[in-house]
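> For reference, this is run-v7.pdb, and it has PDB, N, CA and C atoms.
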```
ATOM      1  N   MET A   1     171.276-168.512 -70.973
ATOM      2  CA  MET A   1     171.224-169.512 -72.025
ATOM      3  C   MET A   1     170.660-170.811 -71.452
ATOM      4  N   ILE A   2     169.679-171.377 -72.117
ATOM      5  CA  ILE A   2     169.049-172.627 -71.666
ATOM      6  C   ILE A   2     169.912-173.809 -72.116
ATOM      7  N   LYS A   3     170.250-174.660 -71.159
ATOM      8  CA  LYS A   3     171.012-175.880 -71.431
ATOM      9  C   LYS A   3     170.316-177.047 -70.742
ATOM     10  N   GLN A   4     170.736-178.242 -71.108
ATOM     11  CA  GLN A   4     170.223-179.422 -70.415
ATOM     12  C   GLN A   4     171.259-179.855 -69.386
ATOM     13  N   TYR A   5     170.784-180.171 -68.190
ATOM     14  CA  TYR A   5     171.647-180.548 -67.078
ATOM     15  C   TYR A   5     171.195-181.874 -66.494
ATOM     16  N   GLU A   6     172.121-182.499 -65.792
ATOM     17  CA  GLU A   6     171.816-183.701 -65.025
ATOM     18  C   GLU A   6     172.364-183.454 -63.631
ATOM     19  N   THR A   7     171.552-183.688 -62.639
ATOM     20  CA  THR A   7     172.006-183.536 -61.264
ATOM     21  C   THR A   7     171.687-184.817 -60.501
ATOM     22  N   VAL A   8     172.648-185.258 -59.706
ATOM     23  CA  VAL A   8     172.458-186.415 -58.835
ATOM     24  C   VAL A   8     172.800-185.953 -57.430
ATOM     25  N   PHE A   9     171.926-186.261 -56.483
ATOM     26  CA  PHE A   9     172.259-185.950 -55.104
ATOM     27  C   PHE A   9     172.110-187.192 -54.246
ATOM     28  N   ILE A  10     172.858-187.208 -53.159
ATOM     29  CA  ILE A  10     172.807-188.303 -52.193
ATOM     30  C   ILE A  10     172.259-187.724 -50.897
ATOM     31  N   ALA A  11     171.158-188.301 -50.446
ATOM     32  CA  ALA A  11     170.535-187.857 -49.195
ATOM     33  C   ALA A  11     170.939-188.809 -48.067
ATOM     34  N   THR A  12     170.927-188.304 -46.881
ATOM     35  CA  THR A  12     171.316-189.086 -45.712
ATOM     36  C   THR A  12     170.425-190.326 -45.555
ATOM     37  N   PRO A  13     170.987-191.457 -45.154
ATOM     38  CA  PRO A  13     170.210-192.701 -45.064
ATOM     39  C   PRO A  13     169.232-192.759 -43.890
ATOM     40  N   VAL A  14     169.246-191.780 -43.016
ATOM     41  CA  VAL A  14     168.350-191.815 -41.851
ATOM     42  C   VAL A  14     166.939-191.343 -42.190
ATOM     43  N   LEU A  15     166.707-190.911 -43.439
ATOM     44  CA  LEU A  15     165.382-190.441 -43.841
ATOM     45  C   LEU A  15     164.432-191.608 -44.072
ATOM     46  N   SER A  16     163.151-191.368 -43.823
ATOM     47  CA  SER A  16     162.141-192.363 -44.175
ATOM     48  C   SER A  16     161.851-192.225 -45.669
ATOM     49  N   ASP A  17     161.089-193.166 -46.220
ATOM     50  CA  ASP A  17     160.714-193.089 -47.639
ATOM     51  C   ASP A  17     159.964-191.790 -47.938
ATOM     52  N   ALA A  18     159.046-191.440 -47.074
ATOM     53  CA  ALA A  18     158.247-190.220 -47.278
ATOM     54  C   ALA A  18     159.130-188.973 -47.237
ATOM     55  N   GLN A  19     160.079-188.947 -46.301
ATOM     56  CA  GLN A  19     160.985-187.802 -46.204
ATOM     57  C   GLN A  19     161.877-187.694 -47.437
ATOM     58  N   MET A  20     162.308-188.838 -47.974
ATOM     59  CA  MET A  20     163.145-188.835 -49.171
ATOM     60  C   MET A  20     162.354-188.326 -50.370
ATOM     61  N   LYS A  21     161.114-188.785 -50.509
ATOM     62  CA  LYS A  21     160.255-188.312 -51.614
ATOM     63  C   LYS A  21     160.009-186.813 -51.503
ATOM     64  N   GLU A  22     159.822-186.332 -50.268
ATOM     65  CA  GLU A  22     159.591-184.900 -50.044
ATOM     66  C   GLU A  22     160.838-184.092 -50.406
ATOM     67  N   ALA A  23     162.024-184.611 -50.065
ATOM     68  CA  ALA A  23     163.273-183.918 -50.398
ATOM     69  C   ALA A  23     163.455-183.840 -51.913
ATOM     70  N   ALA A  24     163.195-184.948 -52.608
ATOM     71  CA  ALA A  24     163.323-184.961 -54.070
ATOM     72  C   ALA A  24     162.313-184.010 -54.700
ATOM     73  N   GLN A  25     161.088-184.009 -54.174
ATOM     74  CA  GLN A  25     160.044-183.137 -54.722
ATOM     75  C   GLN A  25     160.396-181.666 -54.533
ATOM     76  N   LYS A  26     161.081-181.366 -53.435
ATOM     77  CA  LYS A  26     161.507-179.986 -53.172
ATOM     78  C   LYS A  26     162.373-179.478 -54.322
ATOM     79  N   TYR A  27     163.303-180.306 -54.787
ATOM     80  CA  TYR A  27     164.220-179.866 -55.843
ATOM     81  C   TYR A  27     163.542-179.859 -57.211
ATOM     82  N   VAL A  28     162.613-180.773 -57.444
ATOM     83  CA  VAL A  28     161.829-180.758 -58.686
ATOM     84  C   VAL A  28     161.010-179.464 -58.743
ATOM     85  N   ASN A  29     160.372-179.109 -57.620
ATOM     86  CA  ASN A  29     159.585-177.875 -57.557
ATOM     87  C   ASN A  29     160.465-176.639 -57.708
ATOM     88  N   LEU A  30     161.661-176.667 -57.113
ATOM     89  CA  LEU A  30     162.597-175.541 -57.227
ATOM     90  C   LEU A  30     162.982-175.308 -58.685
ATOM     91  N   ILE A  31     163.273-176.393 -59.404
ATOM     92  CA  ILE A  31     163.632-176.285 -60.821
ATOM     93  C   ILE A  31     162.458-175.719 -61.617
ATOM     94  N   ALA A  32     161.267-176.264 -61.395
ATOM     95  CA  ALA A  32     160.076-175.830 -62.135
ATOM     96  C   ALA A  32     159.712-174.375 -61.817
ATOM     97  N   SER A  33     159.819-173.978 -60.562
ATOM     98  CA  SER A  33     159.438-172.617 -60.176
ATOM     99  C   SER A  33     160.421-171.564 -60.679
ATOM    100  N   ASN A  34     161.612-171.991 -61.079
ATOM    101  CA  ASN A  34     162.602-171.070 -61.629
ATOM    102  C   ASN A  34     162.680-171.154 -63.149
ATOM    103  N   GLY A  35     161.613-171.624 -63.771
ATOM    104  CA  GLY A  35     161.547-171.644 -65.230
ATOM    105  C   GLY A  35     162.202-172.844 -65.874
ATOM    106  N   GLY A  36     162.598-173.836 -65.081
ATOM    107  CA  GLY A  36     163.217-175.041 -65.621
ATOM    108  C   GLY A  36     162.174-176.044 -66.082
ATOM    109  N   GLU A  37     162.623-176.989 -66.874
ATOM    110  CA  GLU A  37     161.727-178.037 -67.383
ATOM    111  C   GLU A  37     162.342-179.392 -67.033
ATOM    112  N   ILE A  38     161.593-180.213 -66.303
ATOM    113  CA  ILE A  38     162.074-181.543 -65.932
ATOM    114  C   ILE A  38     161.981-182.442 -67.157
ATOM    115  N   VAL A  39     163.105-183.048 -67.537
ATOM    116  CA  VAL A  39     163.137-183.963 -68.668
ATOM    117  C   VAL A  39     162.926-185.391 -68.179
ATOM    118  N   TYR A  40     163.589-185.736 -67.069
ATOM    119  CA  TYR A  40     163.527-187.102 -66.558
ATOM    120  C   TYR A  40     163.920-187.087 -65.089
ATOM    121  N   GLU A  41     163.337-188.012 -64.342
ATOM    122  CA  GLU A  41     163.640-188.117 -62.919
ATOM    123  C   GLU A  41     163.689-189.596 -62.567
ATOM    124  N   GLU A  42     164.653-189.976 -61.746
ATOM    125  CA  GLU A  42     164.779-191.383 -61.372
ATOM    126  C   GLU A  42     165.276-191.492 -59.938
ATOM    127  N   ASP A  43     164.598-192.330 -59.161
ATOM    128  CA  ASP A  43     165.005-192.594 -57.790
ATOM    129  C   ASP A  43     165.810-193.889 -57.798
ATOM    130  N   TRP A  44     167.075-193.796 -57.437
ATOM    131  CA  TRP A  44     167.932-194.991 -57.438
ATOM    132  C   TRP A  44     167.876-195.738 -56.118
ATOM    133  N   GLY A  45     167.270-195.156 -55.122
ATOM    134  CA  GLY A  45     167.103-195.834 -53.836
ATOM    135  C   GLY A  45     168.346-195.800 -52.954
ATOM    136  N   LEU A  46     168.320-196.632 -51.933
ATOM    137  CA  LEU A  46     169.412-196.702 -50.965
ATOM    138  C   LEU A  46     170.549-197.532 -51.535
ATOM    139  N   LYS A  47     171.744-196.948 -51.577
ATOM    140  CA  LYS A  47     172.911-197.644 -52.128
ATOM    141  C   LYS A  47     174.105-197.486 -51.193
ATOM    142  N   GLN A  48     175.012-198.419 -51.325
ATOM    143  CA  GLN A  48     176.275-198.380 -50.581
ATOM    144  C   GLN A  48     177.156-197.276 -51.161
ATOM    145  N   LEU A  49     177.781-196.483 -50.305
ATOM    146  CA  LEU A  49     178.703-195.447 -50.765
ATOM    147  C   LEU A  49     180.079-196.058 -51.001
ATOM    148  N   ALA A  50     180.841-195.475 -51.896
ATOM    149  CA  ALA A  50     182.188-195.965 -52.185
ATOM    150  C   ALA A  50     183.122-195.739 -50.990
ATOM    151  N   TYR A  51     182.845-194.688 -50.239
ATOM    152  CA  TYR A  51     183.629-194.383 -49.038
ATOM    153  C   TYR A  51     182.707-193.659 -48.060
ATOM    154  N   PRO A  52     182.994-193.729 -46.761
ATOM    155  CA  PRO A  52     182.106-193.081 -45.786
ATOM    156  C   PRO A  52     182.068-191.555 -45.977
ATOM    157  N   ILE A  53     180.872-190.987 -45.881
ATOM    158  CA  ILE A  53     180.681-189.544 -45.917
ATOM    159  C   ILE A  53     179.933-189.179 -44.643
ATOM    160  N   GLN A  54     180.499-188.289 -43.842
ATOM    161  CA  GLN A  54     179.915-187.894 -42.556
ATOM    162  C   GLN A  54     179.584-189.128 -41.707
ATOM    163  N   LYS A  55     180.476-190.096 -41.711
ATOM    164  CA  LYS A  55     180.366-191.350 -40.955
ATOM    165  C   LYS A  55     179.196-192.223 -41.403
ATOM    166  N   LYS A  56     178.698-192.009 -42.614
ATOM    167  CA  LYS A  56     177.608-192.818 -43.160
ATOM    168  C   LYS A  56     178.151-193.656 -44.312
ATOM    169  N   THR A  57     177.693-194.901 -44.408
ATOM    170  CA  THR A  57     178.193-195.797 -45.456
ATOM    171  C   THR A  57     177.158-196.057 -46.546
ATOM    172  N   THR A  58     175.916-195.553 -46.366
ATOM    173  CA  THR A  58     174.880-195.699 -47.383
ATOM    174  C   THR A  58     174.213-194.337 -47.582
ATOM    175  N   GLY A  59     173.452-194.224 -48.677
ATOM    176  CA  GLY A  59     172.729-192.987 -48.940
ATOM    177  C   GLY A  59     171.661-193.205 -49.997
ATOM    178  N   PHE A  60     170.651-192.336 -49.994
ATOM    179  CA  PHE A  60     169.593-192.373 -51.006
ATOM    180  C   PHE A  60     170.044-191.552 -52.214
ATOM    181  N   TYR A  61     170.120-192.194 -53.373
ATOM    182  CA  TYR A  61     170.522-191.513 -54.602
ATOM    183  C   TYR A  61     169.284-191.094 -55.390
ATOM    184  N   HIS A  62     169.350-189.907 -55.991
ATOM    185  CA  HIS A  62     168.239-189.419 -56.822
ATOM    186  C   HIS A  62     168.813-188.635 -57.999
ATOM    187  N   LEU A  63     168.315-188.928 -59.204
ATOM    188  CA  LEU A  63     168.774-188.274 -60.431
ATOM    189  C   LEU A  63     167.649-187.409 -60.989
ATOM    190  N   ILE A  64     168.005-186.200 -61.417
ATOM    191  CA  ILE A  64     167.049-185.323 -62.091
ATOM    192  C   ILE A  64     167.734-184.771 -63.338
ATOM    193  N   GLU A  65     167.087-184.955 -64.484
ATOM    194  CA  GLU A  65     167.568-184.395 -65.740
ATOM    195  C   GLU A  65     166.624-183.249 -66.080
ATOM    196  N   PHE A  66     167.176-182.073 -66.389
ATOM    197  CA  PHE A  66     166.318-180.912 -66.617
ATOM    198  C   PHE A  66     166.962-179.908 -67.566
ATOM    199  N   ARG A  67     166.111-179.027 -68.111
ATOM    200  CA  ARG A  67     166.572-177.906 -68.918
ATOM    201  C   ARG A  67     166.323-176.641 -68.108
ATOM    202  N   ALA A  68     167.341-175.777 -68.059
ATOM    203  CA  ALA A  68     167.196-174.538 -67.296
ATOM    204  C   ALA A  68     168.230-173.527 -67.759
ATOM    205  N   ASP A  69     168.045-172.303 -67.310
ATOM    206  CA  ASP A  69     169.005-171.245 -67.574
ATOM    207  C   ASP A  69     170.278-171.538 -66.785
ATOM    208  N   SER A  70     171.420-171.248 -67.381
ATOM    209  CA  SER A  70     172.699-171.579 -66.737
ATOM    210  C   SER A  70     172.891-170.839 -65.412
ATOM    211  N   GLN A  71     172.255-169.692 -65.243
ATOM    212  CA  GLN A  71     172.413-168.940 -63.994
ATOM    213  C   GLN A  71     171.648-169.589 -62.838
ATOM    214  N   PHE A  72     170.704-170.461 -63.134
ATOM    215  CA  PHE A  72     169.917-171.136 -62.101
ATOM    216  C   PHE A  72     170.747-172.153 -61.315
ATOM    217  N   ILE A  73     171.807-172.686 -61.919
ATOM    218  CA  ILE A  73     172.604-173.744 -61.281
ATOM    219  C   ILE A  73     173.178-173.282 -59.942
ATOM    220  N   ASP A  74     173.613-172.025 -59.864
ATOM    221  CA  ASP A  74     174.119-171.499 -58.593
ATOM    222  C   ASP A  74     173.041-171.557 -57.506
ATOM    223  N   THR A  75     171.813-171.211 -57.866
ATOM    224  CA  THR A  75     170.692-171.247 -56.922
ATOM    225  C   THR A  75     170.448-172.678 -56.445
ATOM    226  N   LEU A  76     170.424-173.627 -57.399
ATOM    227  CA  LEU A  76     170.192-175.030 -57.065
ATOM    228  C   LEU A  76     171.264-175.558 -56.119
ATOM    229  N   GLU A  77     172.521-175.297 -56.446
ATOM    230  CA  GLU A  77     173.618-175.822 -55.621
ATOM    231  C   GLU A  77     173.670-175.146 -54.254
ATOM    232  N   THR A  78     173.263-173.891 -54.172
ATOM    233  CA  THR A  78     173.172-173.219 -52.868
ATOM    234  C   THR A  78     172.127-173.917 -51.998
ATOM    235  N   GLN A  79     170.995-174.292 -52.609
ATOM    236  CA  GLN A  79     169.950-175.001 -51.864
ATOM    237  C   GLN A  79     170.444-176.365 -51.387
ATOM    238  N   TYR A  80     171.211-177.068 -52.239
ATOM    239  CA  TYR A  80     171.792-178.359 -51.824
ATOM    240  C   TYR A  80     172.684-178.161 -50.598
ATOM    241  N   ARG A  81     173.526-177.134 -50.635
ATOM    242  CA  ARG A  81     174.463-176.896 -49.523
ATOM    243  C   ARG A  81     173.737-176.539 -48.232
ATOM    244  N   ARG A  82     172.597-175.863 -48.332
ATOM    245  CA  ARG A  82     171.841-175.449 -47.138
ATOM    246  C   ARG A  82     171.010-176.576 -46.546
ATOM    247  N   ASP A  83     170.742-177.602 -47.315
ATOM    248  CA  ASP A  83     169.876-178.701 -46.873
ATOM    249  C   ASP A  83     170.717-179.755 -46.154
ATOM    250  N   GLU A  84     170.479-179.923 -44.862
ATOM    251  CA  GLU A  84     171.281-180.887 -44.091
ATOM    252  C   GLU A  84     170.999-182.332 -44.479
ATOM    253  N   ARG A  85     169.911-182.580 -45.229
ATOM    254  CA  ARG A  85     169.603-183.942 -45.676
ATOM    255  C   ARG A  85     170.509-184.386 -46.829
ATOM    256  N   ILE A  86     171.088-183.442 -47.563
ATOM    257  CA  ILE A  86     171.908-183.752 -48.732
ATOM    258  C   ILE A  86     173.365-183.856 -48.298
ATOM    259  N   ILE A  87     173.986-185.029 -48.525
ATOM    260  CA  ILE A  87     175.382-185.192 -48.113
ATOM    261  C   ILE A  87     176.359-185.032 -49.288
ATOM    262  N   ARG A  88     175.891-185.213 -50.520
ATOM    263  CA  ARG A  88     176.718-184.982 -51.714
ATOM    264  C   ARG A  88     175.808-184.676 -52.889
ATOM    265  N   PHE A  89     176.337-183.930 -53.858
ATOM    266  CA  PHE A  89     175.592-183.659 -55.089
ATOM    267  C   PHE A  89     176.567-183.386 -56.216
ATOM    268  N   LEU A  90     176.089-183.586 -57.432
ATOM    269  CA  LEU A  90     176.877-183.274 -58.627
ATOM    270  C   LEU A  90     175.910-182.833 -59.711
ATOM    271  N   THR A  91     176.198-181.700 -60.321
ATOM    272  CA  THR A  91     175.389-181.180 -61.422
ATOM    273  C   THR A  91     176.316-180.906 -62.584
ATOM    274  N   PHE A  92     175.940-181.357 -63.771
ATOM    275  CA  PHE A  92     176.766-181.040 -64.928
ATOM    276  C   PHE A  92     175.914-180.752 -66.153
ATOM    277  N   ALA A  93     176.466-179.911 -67.037
ATOM    278  CA  ALA A  93     175.794-179.565 -68.293
ATOM    279  C   ALA A  93     176.030-180.705 -69.273
ATOM    280  N   MET A  94     174.952-181.145 -69.900
ATOM    281  CA  MET A  94     175.049-182.274 -70.821
ATOM    282  C   MET A  94     175.338-181.765 -72.236
ATOM    283  N   ASP A  95     176.265-182.416 -72.928
ATOM    284  CA  ASP A  95     176.495-182.097 -74.339
ATOM    285  C   ASP A  95     175.617-183.020 -75.181
ATOM    286  N   LYS A  96     175.682-182.887 -76.504
ATOM    287  CA  LYS A  96     174.781-183.666 -77.369
ATOM    288  C   LYS A  96     175.010-185.172 -77.226
ATOM    289  N   ASP A  97     176.246-185.592 -76.964
ATOM    290  CA  ASP A  97     176.525-187.020 -76.808
ATOM    291  C   ASP A  97     175.931-187.577 -75.514
ATOM    292  N   SER A  98     176.063-186.829 -74.431
ATOM    293  CA  SER A  98     175.506-187.324 -73.160
ATOM    294  C   SER A  98     173.979-187.284 -73.178
ATOM    295  N   ILE A  99     173.383-186.337 -73.905
ATOM    296  CA  ILE A  99     171.924-186.307 -74.050
ATOM    297  C   ILE A  99     171.462-187.532 -74.829
ATOM    298  N   ALA A 100     172.184-187.859 -75.918
ATOM    299  CA  ALA A 100     171.830-189.037 -76.727
ATOM    300  C   ALA A 100     171.976-190.313 -75.902
ATOM    301  N   TYR A 101     173.040-190.404 -75.090
ATOM    302  CA  TYR A 101     173.252-191.577 -74.244
ATOM    303  C   TYR A 101     172.123-191.711 -73.222
ATOM    304  N   ALA A 102     171.717-190.589 -72.613
ATOM    305  CA  ALA A 102     170.651-190.620 -71.602
ATOM    306  C   ALA A 102     169.331-191.064 -72.228
ATOM    307  N   GLU A 103     169.042-190.577 -73.441
ATOM    308  CA  GLU A 103     167.806-190.980 -74.124
ATOM    309  C   GLU A 103     167.826-192.471 -74.444
ATOM    310  N   LYS A 104     168.986-192.964 -74.873
ATOM    311  CA  LYS A 104     169.137-194.394 -75.187
ATOM    312  C   LYS A 104     168.963-195.235 -73.917
ATOM    313  N   ARG A 105     169.548-194.784 -72.820
ATOM    314  CA  ARG A 105     169.437-195.488 -71.538
ATOM    315  C   ARG A 105     167.980-195.551 -71.086
ATOM    316  N   ARG A 106     167.248-194.440 -71.228
ATOM    317  CA  ARG A 106     165.821-194.425 -70.862
ATOM    318  C   ARG A 106     165.018-195.364 -71.730
ATOM    319  N   ALA A 107     165.308-195.377 -73.026
ATOM    320  CA  ALA A 107     164.584-196.256 -73.947
ATOM    321  C   ALA A 107     164.821-197.735 -73.591
ATOM    322  N   ASN A 108     166.052-198.083 -73.260
ATOM    323  CA  ASN A 108     166.378-199.463 -72.850
ATOM    324  C   ASN A 108     165.665-199.827 -71.565
ATOM    325  N   LYS A 109     165.600-198.888 -70.620
ATOM    326  CA  LYS A 109     164.947-199.136 -69.338
ATOM    327  C   LYS A 109     163.448-199.364 -69.537
ATOM    328  N   GLN A 110     162.815-198.597 -70.441
ATOM    329  CA  GLN A 110     161.381-198.742 -70.694
ATOM    330  C   GLN A 110     161.046-200.033 -71.415
ATOM    331  N   SER A 111     161.973-200.525 -72.257
ATOM    332  CA  SER A 111     161.700-201.735 -73.018
ATOM    333  C   SER A 111     161.810-203.005 -72.168
ATOM    334  N   LYS A 112     162.451-202.902 -71.004
ATOM    335  CA  LYS A 112     162.619-204.076 -70.143
ATOM    336  C   LYS A 112     161.384-204.379 -69.343
TER     337      LYS A 112
END
```
If you convert what's in this file into structure tokens, what do you get?

Amino acid sequence: MIKQYETVFIATPVLSDAQMKEAAQKYVNLIASNGGEIVYEEDWGLKQLAYPIQKKTTGFYHLIEFRADSQFIDTLETQYRRDERIIRFLTFAMDKDSIAYAEKRRANKQSK
């Protein structure tokens, strides 16, 4: 069943800009190559973590909103776990309210 998902991952802060872009592109390509459709992508950049993870206090945040088959999520999360650059991730299925909120947020961001 095709659903809309939002995934956010935090990459280790020791990456260069080019390495971070390459890591994000890897997951965009993974989604696309498995029949997914990218709805929206946003790089939040280097941010302070709420608590240290693996002795790191900052990390590169990246958001990807996509539509895909529900069985693909296991594949995506397995890839996150295997990638030593990713220190945390969260993927969730969006309901109609969260989809509407995300569209509104994008519209506000574009109007600024």
> From a DSSP pass on the backbone, collect the residues of chain A flagged as helix (DSSP H, G or I) and hand them back as a VMD selection string.
chain A and resid 17 to 33 72 to 82 96 to 111
> As an exercise, work out the distance from atom CA of Arg88 of chain A to atom N of Glu6 of chain A in Å and give it to one decimal place.
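Interatomic distance, atom CA of Arg88 of chain A to atom N of Glu6 of chain A: 15.0 Å.
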> Spell out the residues picked by the PyMOL selection byres ((chain A and resi 62-79) around 5) here, as number ranges by chain.
A: 1-9, 36-44, 60-61, 80-83
> Residues of segment 23-72 of chain A classed as strand (DSSP E or B) by DSSP on the backbone are to be reported as an MDAnalysis selection string.
chainID A and resid 37:53 56:69
> Store the residues picked out above, limited to N, CA and C atoms, as a PDB file, in the frame of the given file.

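Done, and the output landed in selection-v4.pdb:
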```pdb
ATOM      1  N   GLU A  37     162.623-176.989 -66.874  1.00  0.00           N
ATOM      2  CA  GLU A  37     161.727-178.037 -67.383  1.00  0.00           C
ATOM      3  C   GLU A  37     162.342-179.392 -67.033  1.00  0.00           C
ATOM      4  N   ILE A  38     161.593-180.213 -66.303  1.00  0.00           N
ATOM      5  CA  ILE A  38     162.074-181.543 -65.932  1.00  0.00           C
ATOM      6  C   ILE A  38     161.981-182.442 -67.157  1.00  0.00           C
ATOM      7  N   VAL A  39     163.105-183.048 -67.537  1.00  0.00           N
ATOM      8  CA  VAL A  39     163.137-183.963 -68.668  1.00  0.00           C
ATOM      9  C   VAL A  39     162.926-185.391 -68.179  1.00  0.00           C
ATOM     10  N   TYR A  40     163.589-185.736 -67.069  1.00  0.00           N
ATOM     11  CA  TYR A  40     163.527-187.102 -66.558  1.00  0.00           C
ATOM     12  C   TYR A  40     163.920-187.087 -65.089  1.00  0.00           C
ATOM     13  N   GLU A  41     163.337-188.012 -64.342  1.00  0.00           N
ATOM     14  CA  GLU A  41     163.640-188.117 -62.919  1.00  0.00           C
ATOM     15  C   GLU A  41     163.689-189.596 -62.567  1.00  0.00           C
ATOM     16  N   GLU A  42     164.653-189.976 -61.746  1.00  0.00           N
ATOM     17  CA  GLU A  42     164.779-191.383 -61.372  1.00  0.00           C
ATOM     18  C   GLU A  42     165.276-191.492 -59.938  1.00  0.00           C
ATOM     19  N   ASP A  43     164.598-192.330 -59.161  1.00  0.00           N
ATOM     20  CA  ASP A  43     165.005-192.594 -57.790  1.00  0.00           C
ATOM     21  C   ASP A  43     165.810-193.889 -57.798  1.00  0.00           C
ATOM     22  N   TRP A  44     167.075-193.796 -57.437  1.00  0.00           N
ATOM     23  CA  TRP A  44     167.932-194.991 -57.438  1.00  0.00           C
ATOM     24  C   TRP A  44     167.876-195.738 -56.118  1.00  0.00           C
ATOM     25  N   GLY A  45     167.270-195.156 -55.122  1.00  0.00           N
ATOM     26  CA  GLY A  45     167.103-195.834 -53.836  1.00  0.00           C
ATOM     27  C   GLY A  45     168.346-195.800 -52.954  1.00  0.00           C
ATOM     28  N   LEU A  46     168.320-196.632 -51.933  1.00  0.00           N
ATOM     29  CA  LEU A  46     169.412-196.702 -50.965  1.00  0.00           C
ATOM     30  C   LEU A  46     170.549-197.532 -51.535  1.00  0.00           C
ATOM     31  N   LYS A  47     171.744-196.948 -51.577  1.00  0.00           N
ATOM     32  CA  LYS A  47     172.911-197.644 -52.128  1.00  0.00           C
ATOM     33  C   LYS A  47     174.105-197.486 -51.193  1.00  0.00           C
ATOM     34  N   GLN A  48     175.012-198.419 -51.325  1.00  0.00           N
ATOM     35  CA  GLN A  48     176.275-198.380 -50.581  1.00  0.00           C
ATOM     36  C   GLN A  48     177.156-197.276 -51.161  1.00  0.00           C
ATOM     37  N   LEU A  49     177.781-196.483 -50.305  1.00  0.00           N
ATOM     38  CA  LEU A  49     178.703-195.447 -50.765  1.00  0.00           C
ATOM     39  C   LEU A  49     180.079-196.058 -51.001  1.00  0.00           C
ATOM     40  N   ALA A  50     180.841-195.475 -51.896  1.00  0.00           N
ATOM     41  CA  ALA A  50     182.188-195.965 -52.185  1.00  0.00           C
ATOM     42  C   ALA A  50     183.122-195.739 -50.990  1.00  0.00           C
ATOM     43  N   TYR A  51     182.845-194.688 -50.239  1.00  0.00           N
ATOM     44  CA  TYR A  51     183.629-194.383 -49.038  1.00  0.00           C
ATOM     45  C   TYR A  51     182.707-193.659 -48.060  1.00  0.00           C
ATOM     46  N   PRO A  52     182.994-193.729 -46.761  1.00  0.00           N
ATOM     47  CA  PRO A  52     182.106-193.081 -45.786  1.00  0.00           C
ATOM     48  C   PRO A  52     182.068-191.555 -45.977  1.00  0.00           C
ATOM     49  N   ILE A  53     180.872-190.987 -45.881  1.00  0.00           N
ATOM     50  CA  ILE A  53     180.681-189.544 -45.917  1.00  0.00           C
ATOM     51  C   ILE A  53     179.933-189.179 -44.643  1.00  0.00           C
ATOM     52  N   LYS A  56     178.698-192.009 -42.614  1.00  0.00           N
ATOM     53  CA  LYS A  56     177.608-192.818 -43.160  1.00  0.00           C
ATOM     54  C   LYS A  56     178.151-193.656 -44.312  1.00  0.00           C
ATOM     55  N   THR A  57     177.693-194.901 -44.408  1.00  0.00           N
ATOM     56  CA  THR A  57     178.193-195.797 -45.456  1.00  0.00           C
ATOM     57  C   THR A  57     177.158-196.057 -46.546  1.00  0.00           C
ATOM     58  N   THR A  58     175.916-195.553 -46.366  1.00  0.00           N
ATOM     59  CA  THR A  58     174.880-195.699 -47.383  1.00  0.00           C
ATOM     60  C   THR A  58     174.213-194.337 -47.582  1.00  0.00           C
ATOM     61  N   GLY A  59     173.452-194.224 -48.677  1.00  0.00           N
ATOM     62  CA  GLY A  59     172.729-192.987 -48.940  1.00  0.00           C
ATOM     63  C   GLY A  59     171.661-193.205 -49.997  1.00  0.00           C
ATOM     64  N   PHE A  60     170.651-192.336 -49.994  1.00  0.00           N
ATOM     65  CA  PHE A  60     169.593-192.373 -51.006  1.00  0.00           C
ATOM     66  C   PHE A  60     170.044-191.552 -52.214  1.00  0.00           C
ATOM     67  N   TYR A  61     170.120-192.194 -53.373  1.00  0.00           N
ATOM     68  CA  TYR A  61     170.522-191.513 -54.602  1.00  0.00           C
ATOM     69  C   TYR A  61     169.284-191.094 -55.390  1.00  0.00           C
ATOM     70  N   HIS A  62     169.350-189.907 -55.991  1.00  0.00           N
ATOM     71  CA  HIS A  62     168.239-189.419 -56.822  1.00  0.00           C
ATOM     72  C   HIS A  62     168.813-188.635 -57.999  1.00  0.00           C
ATOM     73  N   LEU A  63     168.315-188.928 -59.204  1.00  0.00           N
ATOM     74  CA  LEU A  63     168.774-188.274 -60.431  1.00  0.00           C
ATOM     75  C   LEU A  63     167.649-187.409 -60.989  1.00  0.00           C
ATOM     76  N   ILE A  64     168.005-186.200 -61.417  1.00  0.00           N
ATOM     77  CA  ILE A  64     167.049-185.323 -62.091  1.00  0.00           C
ATOM     78  C   ILE A  64     167.734-184.771 -63.338  1.00  0.00           C
ATOM     79  N   GLU A  65     167.087-184.955 -64.484  1.00  0.00           N
ATOM     80  CA  GLU A  65     167.568-184.395 -65.740  1.00  0.00           C
ATOM     81  C   GLU A  65     166.624-183.249 -66.080  1.00  0.00           C
ATOM     82  N   PHE A  66     167.176-182.073 -66.389  1.00  0.00           N
ATOM     83  CA  PHE A  66     166.318-180.912 -66.617  1.00  0.00           C
ATOM     84  C   PHE A  66     166.962-179.908 -67.566  1.00  0.00           C
ATOM     85  N   ARG A  67     166.111-179.027 -68.111  1.00  0.00           N
ATOM     86  CA  ARG A  67     166.572-177.906 -68.918  1.00  0.00           C
ATOM     87  C   ARG A  67     166.323-176.641 -68.108  1.00  0.00           C
ATOM     88  N   ALA A  68     167.341-175.777 -68.059  1.00  0.00           N
ATOM     89  CA  ALA A  68     167.196-174.538 -67.296  1.00  0.00           C
ATOM     90  C   ALA A  68     168.230-173.527 -67.759  1.00  0.00           C
ATOM     91  N   ASP A  69     168.045-172.303 -67.310  1.00  0.00           N
ATOM     92  CA  ASP A  69     169.005-171.245 -67.574  1.00  0.00           C
ATOM     93  C   ASP A  69     170.278-171.538 -66.785  1.00  0.00           C
TER      94      ASP A  69
END
```
> Work out how far atom N of Gly59 of chain A is from atom N of Ala32 of chain A, in Å to one decimal.
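A separation of 25.2 Å between them.
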> Return the padded bounding box of segment 52-70 of chain A as lines of an AutoDock Vina configuration file: axis-aligned, built from all atoms listed in the file, 6 Å added on each side, with centre and edge lengths in Å to one decimal.

```
center_x = 174.6
center_y = -183.4
center_z = -54.9
size_x = 28.9
size_y = 37.2
size_z = 40.0
```
> So how far away is atom C of Ser111 of chain A from atom CA of Lys21 of chain A, in Å?
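Atom C of Ser111 of chain A lies 25.3 Å from atom CA of Lys21 of chain A.
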